[in-house]
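One structure is given below, encoded as C-alpha cells.
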Amino acid sequence: MPNIVYGDVGKGNISTLANVDRTFDYEYPQGLDLSPKSDLHRYIVSEVLKRTIVSHRVMNNRFDSWNEIDRCLTTYIDADSSGLGSYDDEESDLKKDSKTKNKPTSIVFPYSYAILETVLTYLVMAFLEEPIFRYEGVSPEDTIGAILMELLVNVHCNKTKVALALHTMFRDSIAYGIGLGAPSWHQHYGGKVVKGQRGFMGRLGQFIGQGPRKEMIGDQLLFEGNKLDNIDPYLWLPDPNVPVDRIQEGEFCGWVERTSYVKLLSEELVGPDLFNVRYLQHLIYKKSSLYGEDKSKRTEKTGMSIREAGGRHETTDPVDVINMYIDLIPSQWTDGKDKALGKSDYPQKWLFGVASDCLVVRAKPLGLTHNLYPIVAMAPDSDGYTSTPVSRIEVLHGLQGTLDWLFNSHITNVRKAIHDMIIYDPYLLNAKDMEDPKPGKLVRMRRPAWGRGVENAAMQMKVSDITRENIGDSSWIVQWMQKIGGADDPMMGSLRQGGPERLTKAEFQGTRAGAINRLERIAKVMGLQGMRDLGYMFASHAQQLSSMDNFVKCTGRWQEELIKEYGGNVRRGRIPVSPFDILIDYDVFVRDGSVPGNNFSDGWLQMFAILAEHPELNQKFDIVRIFRHIARNLGAKNISEFERMQAKVVPDEEALRGAEAGNLVPIKGGLSA
C-alpha cells in the first residue's frame with residue numbers, strides 16, 4: 001500500500017470510522033468493495049486527497065488577491081484598514097458614537113464596481129437572449145431534429161434557471177479572472193395529483209362509482225433536463241499543469257461542494273450514485289481540513305456564515321464533499337492485492353466524491369458520450385498559459401487603491417478643517433469654556449483679565465487644504481480606469497459634460513463603437529471558451545439521458561418549418577418531442593459576442609428605402625429578409641410573430657382527405673379548414 005495522505009480532520013475521522021461497529025448494507029458500483037474499512041476505499045481517498053493538496057497549493061496563492069477584490073467590491077472598508085494611520089482610531093470612535101454618525105469616514109470609491117457592472121451588462125445582453133444555445137443539423141435529415149433540440153434545450157434553460165448561473169459565471173470571470181460551471185442532468189421527483197374515482201364495491205363484486213376525486217401519486221419524475229451549477233473559484237481544484245482554457249487536457253479537475261448531511265441523505269435515497277452517506281452520522285466534524293473555513297471575504301461585511309462559526313451547528317450539519325473527475329487507468333488503481341477499479345489498461349474518466357476527507361460517497365465511470373469533463377470555464381483575460389489568470393478588476397486594483405487614498409485623504413483633511421483650531425491664552429480665558437464643543441457657547445474671562453477687553457485673547461489657527469486638488473486628480477485616475485477597463489462614459493450611460501464644444505453625434509457614435517469593440521472581444525473569447533462547450537454538453541446530455549416526452553413551443557424563427565413538418569400534430573402552438581426525435585448530428589452555433597443593434601448603421605434604412613422604390617433592385621434582392629435584418633438590429637426579438645398567415649386554397653376533395661388524415665383541422669370560430 002502507498003503512503004496515505006490525510007489532513008488533520010481526515011486522520012481523526014478515519015480513526016472514528018475504524019471504531020464504528022455498525023455496518024450498512026450498500027450495493028456498491030461495479031461490484032467493488034467500497035466499505036469504509038476496505039483497502040480499496042483507503043486507496044481512493046488517498047489518491048483524491050493527493051490531487052486536492054497539489055491543487056490547493058496553487059490556488060491558495062490567489063486567495064489574498066481575491067480577498068482584496070472582495071473588499072473592493074463591497075464599496076466600504078473597516079476603520080482599521082483605511083491606510084490613514086492615526087486617524088483610524090478616530091474613525092472607529094466616529095462610527096461607534098451615535099451622535100457623530102453623519103460625519104464622513106473612509107470608504108472604497110466604487111468605481112471598480114461600476115466597471116464590473118458595465119462589462120457584466122454587456123455580457124448579459126450579448127449571450128442571454130433566448131434561445132441561449134442554437135443548433136444546426138449537419139445533414140438535411142438532421143434539420144428538424146436540430147430545431148427540436150434547440151427548443152428542448154431552451155425549455156431546460158428556463159426550468160433550471162441557467163441564465164442566473166451564467167450571470168454568476170460572467171461576474172466571476174471579470175472579478176476573479178475565471179468563471180466556472182458544472183453542467184449536469186437534473187431529475188426532479190415529487191408527488192403528482194391525478195383524477196380518480198370515488199365509489200365502493202357492490203355485493204356482486206362490481207365497482208359502483210360516486211364521482212371523480214383527486215388522488216396523489218408519490219415518487220414521480222416530474223421534470224428532467226440540463227442544469228448548470230456554479231463552482232466557487234475559491235473551491236476550484238484544477239490540474240495546475242494545464243491552462244484554464246484547456247482543462248479538458250488535464251489529468252484531473254474538481255471542486256469542493258459545501259452541502260449538508262440531510263441533503264446528501266436525501267440524494268442517496270433518490271439517486272443511485274451516492275452511497276456510504278449514513279456513515280457520516282458517526283462523525284462530529286464533517287468539514288474539510290483544507291477548505292473547512294470560508295477563504296473568501298464576501299461575508300465579512302454581511303455577517304458570519306455558519307462555516308465560519310465552527311464545527312457542528314445547532315440547526316445544520318455542514319459537510320464538505322470533494323468532487324473530482326480523474327482520467328485514470330482502472331487496472332492500476334488497486335488495493336495492492338487483487339482488487340482494482342477495472343481490468344482496462346487504457347485511460348478512463350471516473351467521478352469520485354470524498355466527504356469529510358475520509359469517506360468515499362461516489363465512485364463511478366463517467367460514461368458520457370462526449371467523453372469530456374462536464375466542466376466549463378470562462379477566462380476572458382487569460383494569457384493562454386496559466387491556470388489562474390489575473391482578472392480585469394485585479395488589473396485595476398492599484399488604480400483603485402490610489403483613487404481610494406486620494407478621496408479618503410481629502411475627507412480626512414476636510415473633517416480636520418471643519419473643527420475649530422484656536423490658539424488662546426489660558427491666563428486670560430477659561431479653559432473649560434473653550435473645550436466645550438457645542439455651538440453658541442459662552443467663554444468667560446478669568447479674573448486677571450476683567451476690564452482689559454477681549455482683543456488678542458484668542459485667534460483662529462490658519463488651516464490650509466493641501467488636499468484641494470485630490471478631487472481633480474481623482475477624475476484623472478477615473479479616466480485611466482475607464483481606458484484600461486474598457487468601460488467609458490457612453491457605455492455606462494452617461495455623456496461627456498466638459499469640453500469647449502457640445503457633444504456631437506459623430507463623436508458619441510465613434511467613442512461608443514470603440515468601447516463596444518473592446519467589450520465584443522471579451523464576449524467573443526468567452527463564447528469560444530465556455531458557451532460553445534456548454535451548448536455541446538447540453539445537447540449531448542439531452543440525447544443520452546432523456547427518458548420522457550416533452551412539449552416545446554412551435555413559435556419563433558422555426559415556426560414555418562415545424563408546421564410544414566408536423567402539420568396537424570401541432571396543438572395550440574406546441575409539438576411533442578420524444579427522446580428519439582433528437583438523435584441527430586448537430587453543430588453548436590455560438591453567438592459572436594455582439595449585441596443586437598450595436599453594429600447597426602443608419603445606412604441600412606436609407607438602402608431599404610432605395611430598394612423599395614426601384615423595381616429592378618426589388619427583383620434582385622430579397623427585400624423581406626433585409627427588412628427582418630433591420631428589425632432585429634433595431635431590437636425586435638421575434639419578428640416572425642407579426643407575419644400574416646398565408647392562406648392556401650385547395651380543392652374540396654383534397655381538403656376532405658387532409659382532414660381525415662389529420663393534416664387539416666377546423667379553425668376556431670366554427671369555420672372549416
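So you can find residues: chains in the C-alpha cells are A, B, ... in the order shown, residues in each start at 1, and ligands are numbered from 1 in order.
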Members of region 215-352 of chain A assigned strand (DSSP E) by DSSP, as number ranges by chain: A: 215-231, 236-237, 252-260, 318-328, 348-352
Store the residues picked out above, limited to C-alpha atoms, as a compact mmCIF listing (two decimals), in the first residue's frame.
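This went into part.txt:
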# COMPACT_ATOMS: atom_id res chain seq x y z
CA GLU A 215 -55.59 11.30 -5.86
CA MET A 216 -51.88 11.91 -5.25
CA ILE A 217 -49.21 9.58 -6.59
CA GLY A 218 -45.79 9.89 -4.94
CA ASP A 219 -42.23 9.46 -6.25
CA GLN A 220 -42.99 10.55 -9.79
CA LEU A 221 -40.44 12.00 -12.21
CA LEU A 222 -41.84 15.49 -12.66
CA PHE A 223 -39.03 17.01 -14.72
CA GLU A 224 -35.67 16.10 -16.18
CA GLY A 225 -33.27 18.26 -18.08
CA ASN A 226 -29.98 20.11 -18.21
CA LYS A 227 -28.83 22.16 -15.25
CA LEU A 228 -25.81 24.39 -14.65
CA ASP A 229 -24.27 24.60 -11.17
CA ASN A 230 -21.76 27.30 -10.30
CA ILE A 231 -18.34 26.45 -8.89
CA TRP A 236 -11.92 25.09 -7.55
CA LEU A 237 -9.37 22.25 -7.80
CA PHE A 252 -7.97 15.72 -13.18
CA CYS A 253 -10.20 18.59 -12.10
CA GLY A 254 -12.66 19.03 -9.28
CA TRP A 255 -14.20 21.28 -6.68
CA VAL A 256 -15.35 21.24 -3.07
CA GLU A 257 -19.10 21.05 -2.61
CA ARG A 258 -20.47 22.57 0.56
CA THR A 259 -23.65 20.75 1.48
CA SER A 260 -25.30 19.13 4.50
CA PRO A 318 -22.43 21.07 7.19
CA VAL A 319 -20.46 18.57 5.13
CA ASP A 320 -17.62 19.13 2.65
CA VAL A 321 -17.52 16.81 -0.34
CA ILE A 322 -14.53 16.82 -2.69
CA ASN A 323 -15.93 16.07 -6.17
CA MET A 324 -13.15 15.14 -8.58
CA TYR A 325 -13.00 13.89 -12.16
CA ILE A 326 -9.87 11.83 -12.77
CA ASP A 327 -8.59 10.39 -16.04
CA LEU A 328 -7.14 7.13 -14.74
CA GLN A 348 -10.95 6.14 -18.45
CA LYS A 349 -12.66 9.11 -16.82
CA TRP A 350 -14.11 8.50 -13.36
CA LEU A 351 -16.01 10.67 -10.90
CA PHE A 352 -15.22 10.42 -7.18
Enter the distance from CA of Arg447 (chain A) to CA of Met421 (chain A), in Å, rounded to one decimal.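 CA of Met421 (chain A) lies at a distance of 24.5 Å from CA of Arg447 (chain A).
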What gap, in Å, lies between CA of Arg392 (chain A) and CA of Gly177 (chain A)? 6.8 Å
Residues flagged helix (DSSP H, G or I) by DSSP in region 177-281 of chain A, as a PyMOL selection string: chain A and resi 233-235+244-249+261-270+277-281
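CA of Lys483 (chain A) sits 29.7 Å away from CA of Val376 (chain A).
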Kindly indicate which residue among A:Val277, A:Val108, A:Ala340, A:Ala458 lies nearest to Tyr43 (chain A), using only C-alpha atoms for the distances.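 Checking each of A:Val277, A:Val108, A:Ala340, A:Ala458 against Tyr43 (chain A), counting only C-alpha atoms, the winner is A:Ala340.
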10 Å contact set for Ile44 (chain A), only C-alpha atoms, chain neighbours under 6 positions out, as a ChimeraX atom specification: /A:4,34,50,333-335,341,352-354,358-360,363
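Proximity of A:Phe538, A:Thr74, A:Ser594, A:Ile178 to Asn154 (chain A), computed with only C-alpha atoms, is greatest for A:Phe538.
For the choices A:Thr118, A:Ser387, A:Asn456, A:Thr52, the atom-to-atom distance to Gly250 (chain A) is smallest for A:Ser387 when using only C-alpha atoms.
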